[in-house]
Amino acid sequence: MIAVALSTVVEWYDFTLCLYFAPTLARVFFGAGGENLGKTLAGFAIAYLMRPLGAIVFGQFGDRRGRKPTLLLSMTLMTVSMLVLALLPTHAQIGASAGWLLIVMRCLMGFSVGGEYPAVVTYLFETAPKHRRGLVTSSAAAASEIGGLLSVGLCAWLTNALPQESLDSWGWRIPFLFGAALAAGIWLVRQMIPEPPAFISDRGLNASSRSPMGDALLNQRRGIGIGFAISAIGSISYYVGITYVPSFVSLVQSADEAAALELSTVAALVVILVTPCIGWLSDSIGRRPVLLALCLSCAILPVPMFSLIAHGDRTLALLAVMLLAALAGGVSAVGAVATAEQFPARVRLSGLALGATTATAVFGGAAPYAAYLLQNWSNSPATPGVMIGAVAVVSGLILARTMQHAGQAAAVAR
């Protein structure tokens, strides 16, 4: 379980690394000029859209061939993409082709990550004791934040330790080489993991199903809809409630960039602490009541929290960011196991791909940019909170009406 959960460290390390290093990568791969930062971020957005495709392809593969081959293949692609990116020629060496090569490698990373996370959640769910599935599965979300902290720390150290000339010449390669080595190490450890018992016992059904994706679409539409609703509130609460906060702070001019980075660091620490607690709580009282309570909290609290952040008082802003992070971390913790419980083993990866990963693409990657546009249009600091609240209300109503109780879910999950 440790070997599998740690892969989310690599996943989020790479994602946040490219965000924090975006100005440097823009200079290295697209050349000098302020407009090149936009090209870099646009390339990353395109790569993010590869996640649902990766989830669908790996979902088919994993439900047919097994969880272990899926986890090994996705980590292989992650290792290759980061290693090749670290060795790419720069704009100064080959011109505009460097930027296209960067985008191609980012797309490969997005594709592999799209298949990685559902496979990780499925493996943890199927290997955990039934009374500890929430706690064990939530470790994937907690580990991802560790990757974010590694990225922030390494970026800050390199930026302060190296002059810009050295950073642009060779220093930018170091974080990607480190990430490739980290991914390769996890791949080696994964060679020793067994297949989950749930998949082995369901192997006959897997063999008879020519298309797990078709099976999921025909017979698991309810579970797909529930997974989409859970992932929708989980994605927007995280990507708007946490990752958008530095941009929000800059837009309302309530603090400087250093203070915004401190707030982001605190948010990551809160998520790491909260996720196992909420996972354990869902094991104790059930997924449904925990999720509905979180949806209600997400419907009420984000608007006043963003107003506090915009107020300019550092203590109030810190408390607001901590609460937003706790909400997002809580949804991520219980959302993973609750979604996995909606599907039988024979189509679990495919069901997660169709429901959860699709919602992440819709409400995750584009959500911060949408919040930025809407906030500029409305000129209201409450706008990000309204976005989270609206999705929370709709998702909460869907889950209250359709989500199974713990006993029924356990029967489906086997």
# chains A, B, ... in the order shown; residues from 1 in each chain; ligands from 1
call {"tool": "residues_around", "arguments": {"residues": "A:Cys277", "least_positions_apart": "3", "cutoff": "12 Å", "atoms": "only C-alpha atoms", "output": "VMD selection string"}}
result
chain A and resid 132 134 to 139 141 to 142 270 to 274 280 to 284 290 326 329 to 334
call {"tool": "closest_atom_pairs", "arguments": {"of": "stretch 10-33 of chain A", "to": "stretch 110-131 of chain A", "cutoff": "10 Å", "atoms": "only C-alpha atoms", "output": "Markdown table"}}
result
| residue | atom | partner | partner_atom | distance |
| --- | --- | --- | --- | --- |
| A:Val10 | CA | A:Val113 | CA | 9.5 |
| A:Glu11 | CA | A:Val113 | CA | 6.4 |
| A:Trp12 | CA | A:Val113 | CA | 9.4 |
| A:Asp14 | CA | A:Val113 | CA | 9.9 |
| A:Phe15 | CA | A:Gly110 | CA | 9.0 |
call {"tool": "residues_around", "arguments": {"residues": "stretch 176-193 of chain A", "least_positions_apart": "5", "cutoff": "8 Å", "atoms": "only C-alpha atoms", "output": "JSON, numbers by chain"}}
result
{"A": [3, 4, 6, 7, 10, 13, 14, 68, 71, 72, 75, 76, 78, 79, 80, 82, 83, 85, 86]}
call {"tool": "atom_distance", "arguments": {"atom1": "atom CA of A:Ala353", "atom2": "atom CA of A:Ile230"}}
result
13.1 Å
call {"tool": "residues_around", "arguments": {"residues": "A:Ala371", "least_positions_apart": "5", "cutoff": "10 Å", "atoms": "only C-alpha atoms", "output": "number ranges by chain"}}
result
A: 239-240, 244, 247-248, 366, 376-377, 383-388
call {"tool": "write_last_selection", "arguments": {"atoms": "N, CA, C and O atoms", "output": "PDB file, in the first residue's frame"}}
result
ATOM      1  N   TYR A 239      -9.217  23.077  -6.540  1.00  0.00           N
ATOM      2  CA  TYR A 239      -8.547  23.935  -7.525  1.00  0.00           C
ATOM      3  C   TYR A 239      -8.907  25.406  -7.375  1.00  0.00           C
ATOM      4  O   TYR A 239      -8.102  26.276  -7.720  1.00  0.00           O
ATOM      5  N   VAL A 240     -10.116  25.694  -6.875  1.00  0.00           N
ATOM      6  CA  VAL A 240     -10.484  27.090  -6.607  1.00  0.00           C
ATOM      7  C   VAL A 240     -10.202  27.445  -5.152  1.00  0.00           C
ATOM      8  O   VAL A 240      -9.712  28.529  -4.847  1.00  0.00           O
ATOM      9  N   TYR A 244      -6.097  28.307  -6.483  1.00  0.00           N
ATOM     10  CA  TYR A 244      -6.401  29.641  -7.024  1.00  0.00           C
ATOM     11  C   TYR A 244      -6.088  30.749  -6.034  1.00  0.00           C
ATOM     12  O   TYR A 244      -5.991  31.914  -6.414  1.00  0.00           O
ATOM     13  N   SER A 247      -3.388  33.434  -6.843  1.00  0.00           N
ATOM     14  CA  SER A 247      -3.845  34.345  -7.893  1.00  0.00           C
ATOM     15  C   SER A 247      -4.914  35.294  -7.355  1.00  0.00           C
ATOM     16  O   SER A 247      -4.952  36.478  -7.709  1.00  0.00           O
ATOM     17  N   PHE A 248      -5.784  34.772  -6.495  1.00  0.00           N
ATOM     18  CA  PHE A 248      -6.827  35.606  -5.882  1.00  0.00           C
ATOM     19  C   PHE A 248      -6.199  36.707  -5.041  1.00  0.00           C
ATOM     20  O   PHE A 248      -6.621  37.877  -5.114  1.00  0.00           O
ATOM     21  N   ALA A 366      -9.706  23.783 -15.576  1.00  0.00           N
ATOM     22  CA  ALA A 366     -10.173  25.071 -16.088  1.00  0.00           C
ATOM     23  C   ALA A 366     -10.781  25.954 -15.011  1.00  0.00           C
ATOM     24  O   ALA A 366     -11.032  27.143 -15.249  1.00  0.00           O
ATOM     25  N   ASN A 376     -12.896  39.035 -12.538  1.00  0.00           N
ATOM     26  CA  ASN A 376     -12.643  40.287 -13.259  1.00  0.00           C
ATOM     27  C   ASN A 376     -13.946  40.893 -13.776  1.00  0.00           C
ATOM     28  O   ASN A 376     -14.128  42.114 -13.761  1.00  0.00           O
ATOM     29  N   TRP A 377     -14.852  40.032 -14.224  1.00  0.00           N
ATOM     30  CA  TRP A 377     -16.128  40.521 -14.761  1.00  0.00           C
ATOM     31  C   TRP A 377     -17.031  41.083 -13.667  1.00  0.00           C
ATOM     32  O   TRP A 377     -17.644  42.134 -13.830  1.00  0.00           O
ATOM     33  N   THR A 383     -16.731  35.930  -5.671  1.00  0.00           N
ATOM     34  CA  THR A 383     -16.967  35.100  -6.855  1.00  0.00           C
ATOM     35  C   THR A 383     -16.442  33.674  -6.720  1.00  0.00           C
ATOM     36  O   THR A 383     -17.176  32.713  -7.012  1.00  0.00           O
ATOM     37  N   PRO A 384     -15.178  33.435  -6.301  1.00  0.00           N
ATOM     38  CA  PRO A 384     -14.715  32.040  -6.172  1.00  0.00           C
ATOM     39  C   PRO A 384     -15.556  31.234  -5.184  1.00  0.00           C
ATOM     40  O   PRO A 384     -15.836  30.056  -5.423  1.00  0.00           O
ATOM     41  N   GLY A 385     -15.952  31.873  -4.099  1.00  0.00           N
ATOM     42  CA  GLY A 385     -16.785  31.185  -3.123  1.00  0.00           C
ATOM     43  C   GLY A 385     -18.150  30.824  -3.677  1.00  0.00           C
ATOM     44  O   GLY A 385     -18.702  29.762  -3.369  1.00  0.00           O
ATOM     45  N   VAL A 386     -18.712  31.718  -4.499  1.00  0.00           N
ATOM     46  CA  VAL A 386     -20.006  31.441  -5.138  1.00  0.00           C
ATOM     47  C   VAL A 386     -19.878  30.235  -6.064  1.00  0.00           C
ATOM     48  O   VAL A 386     -20.782  29.380  -6.120  1.00  0.00           O
ATOM     49  N   MET A 387     -18.783  30.149  -6.809  1.00  0.00           N
ATOM     50  CA  MET A 387     -18.569  29.006  -7.708  1.00  0.00           C
ATOM     51  C   MET A 387     -18.550  27.703  -6.925  1.00  0.00           C
ATOM     52  O   MET A 387     -19.220  26.728  -7.291  1.00  0.00           O
ATOM     53  N   ILE A 388     -17.793  27.669  -5.836  1.00  0.00           N
ATOM     54  CA  ILE A 388     -17.719  26.450  -5.025  1.00  0.00           C
ATOM     55  C   ILE A 388     -19.084  26.126  -4.439  1.00  0.00           C
ATOM     56  O   ILE A 388     -19.534  24.979  -4.454  1.00  0.00           O
TER      57      ILE A 388
END
call {"tool": "residues_around", "arguments": {"residues": "A:Leu263", "least_positions_apart": "4", "cutoff": "9 Å", "atoms": "only C-alpha atoms", "output": "list in words"}}
result
Val245, Pro246, Ala258, Ala259, Ala267, Ala268, Ala317, Leu318, Val321 and Met322 of chain A
call {"tool": "write_last_selection", "arguments": {"atoms": "N, CA, C and O atoms", "output": "PDB file, in the first residue's frame"}}
result
ATOM      1  N   VAL A 245      -5.908  30.410  -4.751  1.00  0.00           N
ATOM      2  CA  VAL A 245      -5.740  31.426  -3.716  1.00  0.00           C
ATOM      3  C   VAL A 245      -4.583  32.391  -3.998  1.00  0.00           C
ATOM      4  O   VAL A 245      -4.742  33.611  -3.841  1.00  0.00           O
ATOM      5  N   PRO A 246      -3.373  31.933  -4.412  1.00  0.00           N
ATOM      6  CA  PRO A 246      -2.313  32.913  -4.711  1.00  0.00           C
ATOM      7  C   PRO A 246      -2.710  33.905  -5.800  1.00  0.00           C
ATOM      8  O   PRO A 246      -2.412  35.103  -5.694  1.00  0.00           O
ATOM      9  N   ALA A 258       5.148  36.714  -1.502  1.00  0.00           N
ATOM     10  CA  ALA A 258       5.740  35.883  -0.451  1.00  0.00           C
ATOM     11  C   ALA A 258       4.674  35.409   0.531  1.00  0.00           C
ATOM     12  O   ALA A 258       4.646  34.235   0.936  1.00  0.00           O
ATOM     13  N   ALA A 259       3.775  36.312   0.900  1.00  0.00           N
ATOM     14  CA  ALA A 259       2.697  35.937   1.823  1.00  0.00           C
ATOM     15  C   ALA A 259       1.763  34.924   1.180  1.00  0.00           C
ATOM     16  O   ALA A 259       1.288  33.991   1.843  1.00  0.00           O
ATOM     17  N   ALA A 267      -1.781  25.674   3.510  1.00  0.00           N
ATOM     18  CA  ALA A 267      -2.904  24.906   2.970  1.00  0.00           C
ATOM     19  C   ALA A 267      -2.490  23.457   2.710  1.00  0.00           C
ATOM     20  O   ALA A 267      -3.245  22.523   3.012  1.00  0.00           O
ATOM     21  N   ALA A 268      -1.303  23.252   2.146  1.00  0.00           N
ATOM     22  CA  ALA A 268      -0.827  21.897   1.877  1.00  0.00           C
ATOM     23  C   ALA A 268      -0.667  21.102   3.173  1.00  0.00           C
ATOM     24  O   ALA A 268      -1.036  19.924   3.238  1.00  0.00           O
ATOM     25  N   ALA A 317      -6.884  35.932   7.121  1.00  0.00           N
ATOM     26  CA  ALA A 317      -6.627  35.247   5.850  1.00  0.00           C
ATOM     27  C   ALA A 317      -6.083  33.847   6.096  1.00  0.00           C
ATOM     28  O   ALA A 317      -6.468  32.885   5.414  1.00  0.00           O
ATOM     29  N   LEU A 318      -5.196  33.712   7.075  1.00  0.00           N
ATOM     30  CA  LEU A 318      -4.626  32.402   7.392  1.00  0.00           C
ATOM     31  C   LEU A 318      -5.702  31.436   7.866  1.00  0.00           C
ATOM     32  O   LEU A 318      -5.759  30.282   7.426  1.00  0.00           O
ATOM     33  N   VAL A 321      -7.885  30.434   4.829  1.00  0.00           N
ATOM     34  CA  VAL A 321      -7.205  29.477   3.949  1.00  0.00           C
ATOM     35  C   VAL A 321      -7.162  28.094   4.589  1.00  0.00           C
ATOM     36  O   VAL A 321      -7.352  27.074   3.909  1.00  0.00           O
ATOM     37  N   MET A 322      -6.925  28.035   5.880  1.00  0.00           N
ATOM     38  CA  MET A 322      -6.901  26.741   6.570  1.00  0.00           C
ATOM     39  C   MET A 322      -8.260  26.047   6.496  1.00  0.00           C
ATOM     40  O   MET A 322      -8.335  24.834   6.274  1.00  0.00           O
TER      41      MET A 322
END
call {"tool": "residues_around", "arguments": {"residues": "A:Gly396", "least_positions_apart": "2", "cutoff": "9 Å", "atoms": "only C-alpha atoms", "output": "ChimeraX atom specification"}}
result
/A:229-230,233,291-296,299,391-394,398-401
call {"tool": "closest_residue", "arguments": {"among": "A:Gly286, A:Gly31, A:Pro89, A:Pro194", "to": "A:Arg67", "atoms": "only C-alpha atoms"}}
result
A:Pro194
call {"tool": "closest_residue", "arguments": {"among": "A:Gln164, A:Ala367, A:Ser395, A:Ala345", "to": "A:Pro197", "atoms": "only C-alpha atoms"}}
result
A:Ala345
call {"tool": "residues_around", "arguments": {"residues": "A:Ile242", "least_positions_apart": "4", "cutoff": "8 Å", "atoms": "only C-alpha atoms", "output": "JSON, numbers by chain"}}
result
{"A": [237, 238, 264, 267, 321, 324, 325, 328]}
call {"tool": "closest_residue", "arguments": {"among": "A:Leu217, A:Leu319, A:Ala143, A:Leu25", "to": "A:Gly99", "atoms": "only C-alpha atoms"}}
result
A:Leu25
call {"tool": "closest_residue", "arguments": {"among": "A:Arg221, A:Arg314, A:Arg106, A:Arg65", "to": "A:Gly43", "atoms": "only C-alpha atoms"}}
result
A:Arg106
call {"tool": "closest_residue", "arguments": {"among": "A:Ala336, A:Val266, A:Leu167, A:Met109", "to": "A:Ala320", "atoms": "only C-alpha atoms"}}
result
A:Val266
call {"tool": "decode", "arguments": {"residues": "stretch 158-288 of chain A", "atoms": "C-alpha atoms", "output": "compact mmCIF listing (two decimals), in the first residue's frame"}}
result
# COMPACT_ATOMS: atom_id res chain seq x y z
CA LEU A 158 17.14 26.56 -6.66
CA THR A 159 15.75 30.04 -7.31
CA ASN A 160 17.59 31.45 -4.30
CA ALA A 161 20.80 29.43 -4.73
CA LEU A 162 21.44 29.98 -8.45
CA PRO A 163 21.69 33.15 -10.52
CA GLN A 164 19.12 33.38 -13.30
CA GLU A 165 21.72 32.60 -15.98
CA SER A 166 22.64 29.29 -14.32
CA LEU A 167 19.01 28.48 -13.60
CA ASP A 168 18.06 28.98 -17.26
CA SER A 169 21.16 27.18 -18.52
CA TRP A 170 21.14 23.96 -16.50
CA GLY A 171 19.55 24.45 -13.09
CA TRP A 172 15.99 23.92 -14.35
CA ARG A 173 16.89 20.32 -15.28
CA ILE A 174 17.62 19.29 -11.68
CA PRO A 175 14.00 19.05 -10.41
CA PHE A 176 12.94 16.94 -13.39
CA LEU A 177 15.92 14.59 -12.99
CA PHE A 178 15.02 14.24 -9.31
CA GLY A 179 11.40 13.49 -10.23
CA ALA A 180 12.45 10.87 -12.78
CA ALA A 181 14.68 9.17 -10.20
CA LEU A 182 11.84 9.24 -7.66
CA ALA A 183 9.41 7.69 -10.17
CA ALA A 184 11.95 5.02 -11.17
CA GLY A 185 12.45 4.09 -7.52
CA ILE A 186 8.71 3.63 -7.01
CA TRP A 187 8.56 1.52 -10.18
CA LEU A 188 11.21 -0.82 -8.77
CA VAL A 189 9.33 -1.22 -5.50
CA ARG A 190 6.09 -1.89 -7.35
CA GLN A 191 7.64 -4.96 -8.95
CA MET A 192 7.05 -6.71 -5.62
CA ILE A 193 3.37 -5.86 -5.09
CA PRO A 194 0.68 -8.55 -5.55
CA GLU A 195 -2.62 -8.26 -7.36
CA PRO A 196 -5.51 -7.26 -5.04
CA PRO A 197 -7.67 -10.21 -3.90
CA ALA A 198 -10.82 -8.55 -5.27
CA PHE A 199 -9.44 -8.55 -8.80
CA ILE A 200 -8.17 -12.13 -8.56
CA SER A 201 -11.55 -13.41 -7.36
CA ASP A 202 -13.27 -11.52 -10.17
CA ARG A 203 -10.85 -12.70 -12.86
CA GLY A 204 -13.47 -14.89 -14.50
CA LEU A 205 -15.80 -11.95 -14.97
CA ASN A 206 -12.93 -9.86 -16.30
CA ALA A 207 -12.12 -12.51 -18.86
CA SER A 208 -15.72 -12.73 -20.04
CA SER A 209 -16.11 -8.97 -20.41
CA ARG A 210 -14.72 -7.97 -23.78
CA SER A 211 -15.22 -4.29 -23.00
CA PRO A 212 -15.14 -3.19 -19.34
CA MET A 213 -15.82 0.37 -20.52
CA GLY A 214 -18.94 -0.76 -22.38
CA ASP A 215 -20.02 -2.79 -19.35
CA ALA A 216 -19.66 0.29 -17.14
CA LEU A 217 -21.63 2.49 -19.55
CA LEU A 218 -24.45 -0.04 -19.84
CA ASN A 219 -24.73 -1.26 -16.26
CA GLN A 220 -23.07 1.31 -13.99
CA ARG A 221 -24.54 4.64 -15.06
CA ARG A 222 -25.76 5.41 -11.56
CA GLY A 223 -22.30 4.88 -10.11
CA ILE A 224 -20.75 6.99 -12.86
CA GLY A 225 -23.15 9.82 -12.05
CA ILE A 226 -22.37 9.61 -8.33
CA GLY A 227 -18.64 9.58 -9.06
CA PHE A 228 -19.03 12.64 -11.29
CA ALA A 229 -20.92 14.55 -8.57
CA ILE A 230 -18.36 13.67 -5.88
CA SER A 231 -15.41 14.57 -8.09
CA ALA A 232 -17.07 17.82 -9.19
CA ILE A 233 -17.23 19.21 -5.65
CA GLY A 234 -13.84 17.71 -4.80
CA SER A 235 -12.16 19.28 -7.83
CA ILE A 236 -13.64 22.77 -7.58
CA SER A 237 -13.10 22.96 -3.81
CA TYR A 238 -9.44 22.06 -4.34
CA TYR A 239 -8.55 23.94 -7.53
CA VAL A 240 -10.48 27.09 -6.61
CA GLY A 241 -10.32 26.81 -2.82
CA ILE A 242 -6.57 26.12 -2.68
CA THR A 243 -4.58 26.45 -5.91
CA TYR A 244 -6.40 29.64 -7.02
CA VAL A 245 -5.74 31.43 -3.72
CA PRO A 246 -2.31 32.91 -4.71
CA SER A 247 -3.85 34.35 -7.89
CA PHE A 248 -6.83 35.61 -5.88
CA VAL A 249 -4.51 37.32 -3.40
CA SER A 250 -2.64 38.98 -6.26
CA LEU A 251 -5.87 40.07 -7.95
CA VAL A 252 -7.39 41.70 -4.87
CA GLN A 253 -3.95 42.95 -3.75
CA SER A 254 -4.49 41.82 -0.17
CA ALA A 255 -0.91 40.54 0.29
CA ASP A 256 2.39 40.20 -1.55
CA GLU A 257 3.67 37.11 -3.40
CA ALA A 258 5.74 35.88 -0.45
CA ALA A 259 2.70 35.94 1.82
CA ALA A 260 0.63 34.14 -0.82
CA LEU A 261 3.26 31.38 -1.03
CA GLU A 262 3.17 31.02 2.76
CA LEU A 263 -0.62 30.64 2.63
CA SER A 264 -0.25 27.91 -0.03
CA THR A 265 2.28 26.07 2.13
CA VAL A 266 -0.04 26.17 5.14
CA ALA A 267 -2.90 24.91 2.97
CA ALA A 268 -0.83 21.90 1.88
CA LEU A 269 0.02 21.06 5.49
CA VAL A 270 -3.64 21.29 6.49
CA VAL A 271 -4.65 18.89 3.71
CA ILE A 272 -2.01 16.36 4.83
CA LEU A 273 -3.34 16.48 8.40
CA VAL A 274 -7.04 16.50 7.57
CA THR A 275 -7.28 13.73 4.96
CA PRO A 276 -6.54 10.71 7.21
CA CYS A 277 -8.87 12.09 9.89
CA ILE A 278 -11.78 12.41 7.46
CA GLY A 279 -10.97 9.03 5.95
CA TRP A 280 -11.13 7.48 9.41
CA LEU A 281 -14.38 9.33 10.18
CA SER A 282 -15.98 7.95 7.02
CA ASP A 283 -15.03 4.44 8.18
CA SER A 284 -16.71 5.13 11.50
CA ILE A 285 -20.00 6.79 10.53
CA GLY A 286 -20.27 6.17 6.77
CA ARG A 287 -19.39 7.96 3.54
CA ARG A 288 -22.81 9.47 2.86
